[in-house]
Amino acid sequence: MKKLYTILIYSENIVGILNQITAVFTRLQVNIESLNVSPSGIPNVHKYTITIFSDEKQAQKIVKMVEKKVDVIKADFYLDEEIFTSEVALFKLSTEKVMANPEISQIIRHSDARMLEVNDTYITVHVCNSSKAIVELYKGLARYKCILQYTRSGRVAITRSKIEKVSEFLKEQKNAQFRFMEEGINSDK
């Protein structure tokens, strides 16, 4: 059964790595639902947050293939209950229609959205929330045919785990490198 999986990938900040990563999805004919790339909390490491509808077996296969890329440090996949997520959406709404329908303002307030700009032509609305809440806001506003423009970011996510897998992996790699160097030094004696 297909579920929404969030794949978190950590890599060095190298030109062309995004192309290598997305090529894995293309090769396996898996559609990417959302993609967000940004610096991580680790110096010189970027984080890719990718969502897909897939089954667990295919998600595992994708992660294994992505991790084989030279510049990829670590990749894992998660279900929604294993991570905290958020998205951002911007709406440009018709001022005329918003003013004519007080229900629209109520919908905006109830969704924890805020108005960034109001002028004679349009109202810009910003919301930072879950994918589901943003879709609900969109549906609520669409009923009034007041949306002039709409855009939504890709998902950003952090794990609920007390131990960050990529940090542990990097620590293990550093310890292994140190042991290797130490063994080399001791074998020269």
# chains A, B, ... in the order shown; residues from 1 in each chain; ligands from 1

$ residues_around --residues "Met65 (chain A)" --least-positions-apart "4" --cutoff "9 Å" --atoms "only C-alpha atoms" --output "ChimeraX atom specification"
/A:21,24,60-61,69

$ select_by_dssp --residues "region 82-181 of chain A" --states "helix (DSSP H, G or I)" --output "count of residues only"
45

$ select_by_dssp --residues "chain A" --states "strand (DSSP E or B)" --output "ChimeraX atom specification"
/A:3-12,32-39,45-54,72-78,83-94,114-118,122-129,147-152,156-159

$ closest_residue --among "A:Cys128, A:Val45, A:Met1, A:Leu148" --to "Glu87 (chain A)" --atoms "only C-alpha atoms"
A:Cys128

$ residues_around --residues "Leu18 (chain A)" --least-positions-apart "5" --cutoff "10 Å" --atoms "only C-alpha atoms" --output "PyMOL selection string"
chain A and resi 11+13+23+37+48

$ residues_around --residues "Ile147 (chain A)" --least-positions-apart "2" --cutoff "9 Å" --atoms "only C-alpha atoms" --output "ChimeraX atom specification"
/A:91-94,138,141-142,144-145,149-150
